[in-house]
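Asker: I'd like to ask some things about the structure below.
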Amino acid sequence: MTNDFYCDEVLNGKTKVTTVMETENVLAYYHTRPFYEVHIVVIPKKHIDSLISLMKEQDHMLLIEMMEVVSQVSARLISEYGASKIVTNIGKYQDSKHLHWHVVYGETIRN
């Protein structure tokens with residue numbers, strides 16, 4: 001297994017997830033081990049290491065598609081709960097070396 005939970009487990013179906021939204025190239029689903037009351041992860045279906053790896057011109061449309069999904073998921077949380085937080089991690093903060101965004105609401109439920 002590599003250090004990529006999303007490719008190794010989620011995208012190949014080994015770990016079942018509850019989908020929030022899906023497009024041709026992007027998947028948004030409820031985090032399998034949430035840190036917040038509502039914790040949604042948005043990932044590209046193509047492996048990209050991190051945000052700083054996404055600078056190739058051919059990936060620009062994917063970044064736009066991801067941001068559209070992040071925006072729509074955030075809008076749902078704002079509509080339902082009144083707020084949303086969006087986070088991505090890079091470098092040592094990034095446990096899984098696959099670009100992903102956390103769209104969350106509420107208090108942390110674990111550290």
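A note on labels: chains of the structure tokens are A, B, ... as shown, every chain counts residues from 1, and ligands are counted from 1 in their shown order.
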Which of chain A end up as alpha helix (DSSP H) when DSSP is run on this backbone - answer as an mmCIF file with N, CA, C and O atoms, in the first residue's frame?
Answerer:
data_model
loop_
_atom_site.group_PDB
_atom_site.id
_atom_site.type_symbol
_atom_site.label_atom_id
_atom_site.label_comp_id
_atom_site.auth_asym_id
_atom_site.auth_seq_id
_atom_site.Cartn_x
_atom_site.Cartn_y
_atom_site.Cartn_z
ATOM 1 N N PHE A 5 -4.437 6.952 0.642
ATOM 2 C CA PHE A 5 -5.684 6.319 1.050
ATOM 3 C C PHE A 5 -6.747 6.441 -0.041
ATOM 4 O O PHE A 5 -7.525 5.522 -0.273
ATOM 5 N N HIS A 60 -5.592 22.429 -15.151
ATOM 6 C CA HIS A 60 -6.345 23.622 -14.794
ATOM 7 C C HIS A 60 -7.855 23.376 -14.810
ATOM 8 O O HIS A 60 -8.567 23.847 -13.908
ATOM 9 N N MET A 61 -8.357 22.643 -15.769
ATOM 10 C CA MET A 61 -9.791 22.371 -15.834
ATOM 11 C C MET A 61 -10.228 21.478 -14.671
ATOM 12 O O MET A 61 -11.321 21.642 -14.139
ATOM 13 N N LEU A 62 -9.363 20.566 -14.276
ATOM 14 C CA LEU A 62 -9.669 19.720 -13.119
ATOM 15 C C LEU A 62 -9.759 20.564 -11.854
ATOM 16 O O LEU A 62 -10.655 20.371 -11.034
ATOM 17 N N LEU A 63 -8.851 21.514 -11.691
ATOM 18 C CA LEU A 63 -8.893 22.392 -10.530
ATOM 19 C C LEU A 63 -10.195 23.194 -10.504
ATOM 20 O O LEU A 63 -10.835 23.310 -9.454
ATOM 21 N N ILE A 64 -10.608 23.681 -11.649
ATOM 22 C CA ILE A 64 -11.877 24.418 -11.729
ATOM 23 C C ILE A 64 -13.039 23.507 -11.354
ATOM 24 O O ILE A 64 -13.919 23.892 -10.582
ATOM 25 N N GLU A 65 -13.053 22.287 -11.868
ATOM 26 C CA GLU A 65 -14.123 21.338 -11.542
ATOM 27 C C GLU A 65 -14.134 21.028 -10.043
ATOM 28 O O GLU A 65 -15.193 20.976 -9.424
ATOM 29 N N MET A 66 -12.939 20.845 -9.462
ATOM 30 C CA MET A 66 -12.870 20.590 -8.019
ATOM 31 C C MET A 66 -13.420 21.764 -7.227
ATOM 32 O O MET A 66 -14.174 21.585 -6.266
ATOM 33 N N MET A 67 -13.053 22.980 -7.622
ATOM 34 C CA MET A 67 -13.524 24.161 -6.898
ATOM 35 C C MET A 67 -15.032 24.336 -7.044
ATOM 36 O O MET A 67 -15.696 24.793 -6.118
ATOM 37 N N GLU A 68 -15.580 23.948 -8.189
ATOM 38 C CA GLU A 68 -17.036 23.991 -8.356
ATOM 39 C C GLU A 68 -17.716 23.027 -7.388
ATOM 40 O O GLU A 68 -18.730 23.357 -6.768
ATOM 41 N N VAL A 69 -17.158 21.826 -7.227
ATOM 42 C CA VAL A 69 -17.718 20.849 -6.288
ATOM 43 C C VAL A 69 -17.564 21.353 -4.855
ATOM 44 O O VAL A 69 -18.518 21.302 -4.073
ATOM 45 N N VAL A 70 -16.373 21.850 -4.503
ATOM 46 C CA VAL A 70 -16.166 22.401 -3.159
ATOM 47 C C VAL A 70 -17.169 23.514 -2.887
ATOM 48 O O VAL A 70 -17.774 23.577 -1.811
ATOM 49 N N SER A 71 -17.381 24.379 -3.853
ATOM 50 C CA SER A 71 -18.320 25.487 -3.717
ATOM 51 C C SER A 71 -19.752 24.986 -3.505
ATOM 52 O O SER A 71 -20.478 25.472 -2.621
ATOM 53 N N GLN A 72 -20.175 24.012 -4.298
ATOM 54 C CA GLN A 72 -21.537 23.495 -4.176
ATOM 55 C C GLN A 72 -21.750 22.764 -2.852
ATOM 56 O O GLN A 72 -22.798 22.912 -2.214
ATOM 57 N N VAL A 73 -20.757 21.989 -2.427
ATOM 58 C CA VAL A 73 -20.865 21.287 -1.144
ATOM 59 C C VAL A 73 -20.893 22.305 -0.003
ATOM 60 O O VAL A 73 -21.696 22.184 0.930
ATOM 61 N N SER A 74 -20.052 23.331 -0.083
ATOM 62 C CA SER A 74 -20.051 24.382 0.938
ATOM 63 C C SER A 74 -21.391 25.103 0.986
ATOM 64 O O SER A 74 -21.903 25.405 2.070
ATOM 65 N N ALA A 75 -21.952 25.381 -0.168
ATOM 66 C CA ALA A 75 -23.257 26.052 -0.224
ATOM 67 C C ALA A 75 -24.334 25.207 0.459
ATOM 68 O O ALA A 75 -25.206 25.742 1.152
ATOM 69 N N ARG A 76 -24.263 23.887 0.308
ATOM 70 C CA ARG A 76 -25.217 22.999 0.990
ATOM 71 C C ARG A 76 -25.080 23.124 2.506
ATOM 72 O O ARG A 76 -26.073 23.186 3.231
ATOM 73 N N LEU A 77 -23.827 23.127 2.987
ATOM 74 C CA LEU A 77 -23.609 23.233 4.430
ATOM 75 C C LEU A 77 -24.078 24.585 4.952
ATOM 76 O O LEU A 77 -24.699 24.661 6.019
ATOM 77 N N ILE A 78 -23.801 25.638 4.209
ATOM 78 C CA ILE A 78 -24.257 26.965 4.626
ATOM 79 C C ILE A 78 -25.777 27.021 4.655
ATOM 80 O O ILE A 78 -26.372 27.556 5.583
ATOM 81 N N SER A 79 -26.417 26.436 3.663
ATOM 82 C CA SER A 79 -27.878 26.408 3.620
ATOM 83 C C SER A 79 -28.461 25.644 4.809
ATOM 84 O O SER A 79 -29.445 26.063 5.406
ATOM 85 N N GLU A 80 -27.829 24.536 5.150
ATOM 86 C CA GLU A 80 -28.351 23.690 6.226
ATOM 87 C C GLU A 80 -27.917 24.141 7.624
ATOM 88 O O GLU A 80 -28.693 24.077 8.565
ATOM 89 N N TYR A 81 -26.667 24.600 7.754
ATOM 90 C CA TYR A 81 -26.120 24.892 9.078
ATOM 91 C C TYR A 81 -25.732 26.353 9.293
ATOM 92 O O TYR A 81 -25.434 26.755 10.408
#
Asker: Got a sec: who's within 8 Å of range 95-104 of chain A, counting only C-alpha atoms, leaving out chain neighbours fewer than 4 positions off, as a PDB file with N, CA and C atoms, in the first residue's frame?
Answerer:
ATOM      1  N   ASN A   3       1.139   5.617   0.315  1.00  0.00           N
ATOM      2  CA  ASN A   3       0.641   6.584   1.284  1.00  0.00           C
ATOM      3  C   ASN A   3      -0.496   7.390   0.652  1.00  0.00           C
ATOM      4  N   ASP A   4      -1.399   6.714  -0.044  1.00  0.00           N
ATOM      5  CA  ASP A   4      -2.503   7.372  -0.732  1.00  0.00           C
ATOM      6  C   ASP A   4      -3.797   6.609  -0.449  1.00  0.00           C
ATOM      7  N   PHE A   5      -4.437   6.952   0.642  1.00  0.00           N
ATOM      8  CA  PHE A   5      -5.684   6.319   1.050  1.00  0.00           C
ATOM      9  C   PHE A   5      -6.747   6.441  -0.041  1.00  0.00           C
ATOM     10  N   TYR A   6      -6.774   7.584  -0.712  1.00  0.00           N
ATOM     11  CA  TYR A   6      -7.839   7.842  -1.684  1.00  0.00           C
ATOM     12  C   TYR A   6      -7.745   6.927  -2.898  1.00  0.00           C
ATOM     13  N   CYS A   7      -6.550   6.759  -3.459  1.00  0.00           N
ATOM     14  CA  CYS A   7      -6.383   5.829  -4.590  1.00  0.00           C
ATOM     15  C   CYS A   7      -6.470   4.378  -4.126  1.00  0.00           C
ATOM     16  N   TYR A  36     -14.935  16.543  12.470  1.00  0.00           N
ATOM     17  CA  TYR A  36     -15.936  17.576  12.729  1.00  0.00           C
ATOM     18  C   TYR A  36     -17.326  16.963  12.694  1.00  0.00           C
ATOM     19  N   GLU A  37     -18.290  17.709  13.234  1.00  0.00           N
ATOM     20  CA  GLU A  37     -19.689  17.249  13.237  1.00  0.00           C
ATOM     21  C   GLU A  37     -20.136  16.850  11.827  1.00  0.00           C
ATOM     22  N   VAL A  38     -19.833  17.683  10.846  1.00  0.00           N
ATOM     23  CA  VAL A  38     -20.073  17.369   9.436  1.00  0.00           C
ATOM     24  C   VAL A  38     -18.723  17.509   8.752  1.00  0.00           C
ATOM     25  N   HIS A  39     -18.256  16.428   8.108  1.00  0.00           N
ATOM     26  CA  HIS A  39     -16.908  16.420   7.535  1.00  0.00           C
ATOM     27  C   HIS A  39     -16.947  15.712   6.182  1.00  0.00           C
ATOM     28  N   ILE A  40     -16.798  16.506   5.140  1.00  0.00           N
ATOM     29  CA  ILE A  40     -16.861  16.004   3.767  1.00  0.00           C
ATOM     30  C   ILE A  40     -15.494  16.184   3.118  1.00  0.00           C
ATOM     31  N   VAL A  41     -15.070  15.188   2.355  1.00  0.00           N
ATOM     32  CA  VAL A  41     -13.795  15.222   1.641  1.00  0.00           C
ATOM     33  C   VAL A  41     -14.087  15.316   0.144  1.00  0.00           C
ATOM     34  N   VAL A  42     -13.350  16.177  -0.546  1.00  0.00           N
ATOM     35  CA  VAL A  42     -13.482  16.330  -1.998  1.00  0.00           C
ATOM     36  C   VAL A  42     -12.140  15.961  -2.621  1.00  0.00           C
ATOM     37  N   ILE A  43     -12.163  14.972  -3.535  1.00  0.00           N
ATOM     38  CA  ILE A  43     -10.927  14.495  -4.151  1.00  0.00           C
ATOM     39  C   ILE A  43     -11.069  14.417  -5.671  1.00  0.00           C
ATOM     40  N   PRO A  44      -9.941  14.590  -6.376  1.00  0.00           N
ATOM     41  CA  PRO A  44      -9.975  14.288  -7.806  1.00  0.00           C
ATOM     42  C   PRO A  44      -9.899  12.769  -7.975  1.00  0.00           C
ATOM     43  N   HIS A  47      -4.968  10.699  -9.677  1.00  0.00           N
ATOM     44  CA  HIS A  47      -3.978  10.960  -8.631  1.00  0.00           C
ATOM     45  C   HIS A  47      -3.196  12.235  -8.911  1.00  0.00           C
ATOM     46  N   ILE A  48      -3.245  13.128  -7.938  1.00  0.00           N
ATOM     47  CA  ILE A  48      -2.426  14.336  -7.931  1.00  0.00           C
ATOM     48  C   ILE A  48      -1.905  14.449  -6.503  1.00  0.00           C
ATOM     49  N   ASP A  49      -0.607  14.613  -6.338  1.00  0.00           N
ATOM     50  CA  ASP A  49      -0.010  14.597  -5.002  1.00  0.00           C
ATOM     51  C   ASP A  49      -0.582  15.651  -4.064  1.00  0.00           C
ATOM     52  N   SER A  50      -0.622  16.899  -4.488  1.00  0.00           N
ATOM     53  CA  SER A  50      -1.086  17.982  -3.620  1.00  0.00           C
ATOM     54  C   SER A  50      -1.416  19.197  -4.466  1.00  0.00           C
ATOM     55  N   LEU A  51      -1.870  20.240  -3.805  1.00  0.00           N
ATOM     56  CA  LEU A  51      -2.215  21.476  -4.501  1.00  0.00           C
ATOM     57  C   LEU A  51      -1.025  22.037  -5.271  1.00  0.00           C
ATOM     58  N   VAL A  70     -16.373  21.850  -4.503  1.00  0.00           N
ATOM     59  CA  VAL A  70     -16.166  22.401  -3.159  1.00  0.00           C
ATOM     60  C   VAL A  70     -17.169  23.514  -2.887  1.00  0.00           C
ATOM     61  N   VAL A  73     -20.757  21.989  -2.427  1.00  0.00           N
ATOM     62  CA  VAL A  73     -20.865  21.287  -1.144  1.00  0.00           C
ATOM     63  C   VAL A  73     -20.893  22.305  -0.003  1.00  0.00           C
ATOM     64  N   SER A  74     -20.052  23.331  -0.083  1.00  0.00           N
ATOM     65  CA  SER A  74     -20.051  24.382   0.938  1.00  0.00           C
ATOM     66  C   SER A  74     -21.391  25.103   0.986  1.00  0.00           C
ATOM     67  N   LEU A  77     -23.827  23.127   2.987  1.00  0.00           N
ATOM     68  CA  LEU A  77     -23.609  23.233   4.430  1.00  0.00           C
ATOM     69  C   LEU A  77     -24.078  24.585   4.952  1.00  0.00           C
ATOM     70  N   SER A  84     -19.570  27.119   6.907  1.00  0.00           N
ATOM     71  CA  SER A  84     -18.734  26.066   6.347  1.00  0.00           C
ATOM     72  C   SER A  84     -17.282  26.508   6.436  1.00  0.00           C
ATOM     73  N   LYS A  85     -16.396  25.560   6.572  1.00  0.00           N
ATOM     74  CA  LYS A  85     -14.960  25.822   6.549  1.00  0.00           C
ATOM     75  C   LYS A  85     -14.357  24.916   5.482  1.00  0.00           C
ATOM     76  N   ILE A  86     -13.388  25.450   4.722  1.00  0.00           N
ATOM     77  CA  ILE A  86     -12.720  24.695   3.659  1.00  0.00           C
ATOM     78  C   ILE A  86     -11.230  24.668   3.967  1.00  0.00           C
ATOM     79  N   VAL A  87     -10.638  23.459   3.957  1.00  0.00           N
ATOM     80  CA  VAL A  87      -9.227  23.308   4.311  1.00  0.00           C
ATOM     81  C   VAL A  87      -8.573  22.308   3.362  1.00  0.00           C
ATOM     82  N   THR A  88      -7.323  22.588   2.981  1.00  0.00           N
ATOM     83  CA  THR A  88      -6.487  21.590   2.337  1.00  0.00           C
ATOM     84  C   THR A  88      -5.134  21.614   3.037  1.00  0.00           C
ATOM     85  N   ASN A  89      -4.468  20.491   3.056  1.00  0.00           N
ATOM     86  CA  ASN A  89      -3.173  20.380   3.724  1.00  0.00           C
ATOM     87  C   ASN A  89      -2.092  20.070   2.704  1.00  0.00           C
TER      88      ASN A  89
END
Asker: Please, what distance in Å, to one decimal, runs between CA of Gly82 in chain A and CA of Tyr29 in chain A?
Answerer: 19.8 Å
Asker: Rounded to one decimal in Å, what is the spacing between CA of Gly91 in chain A and CA of Gly13 in chain A?
Answerer: 26.2 Å
Asker: So the first atom is CA of Tyr105 in chain A and the second is CA of His31 in chain A; what is the distance between them in Å, to one decimal place?
Answerer: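 Pair CA of Tyr105 in chain A / CA of His31 in chain A returns 12.3 Å.
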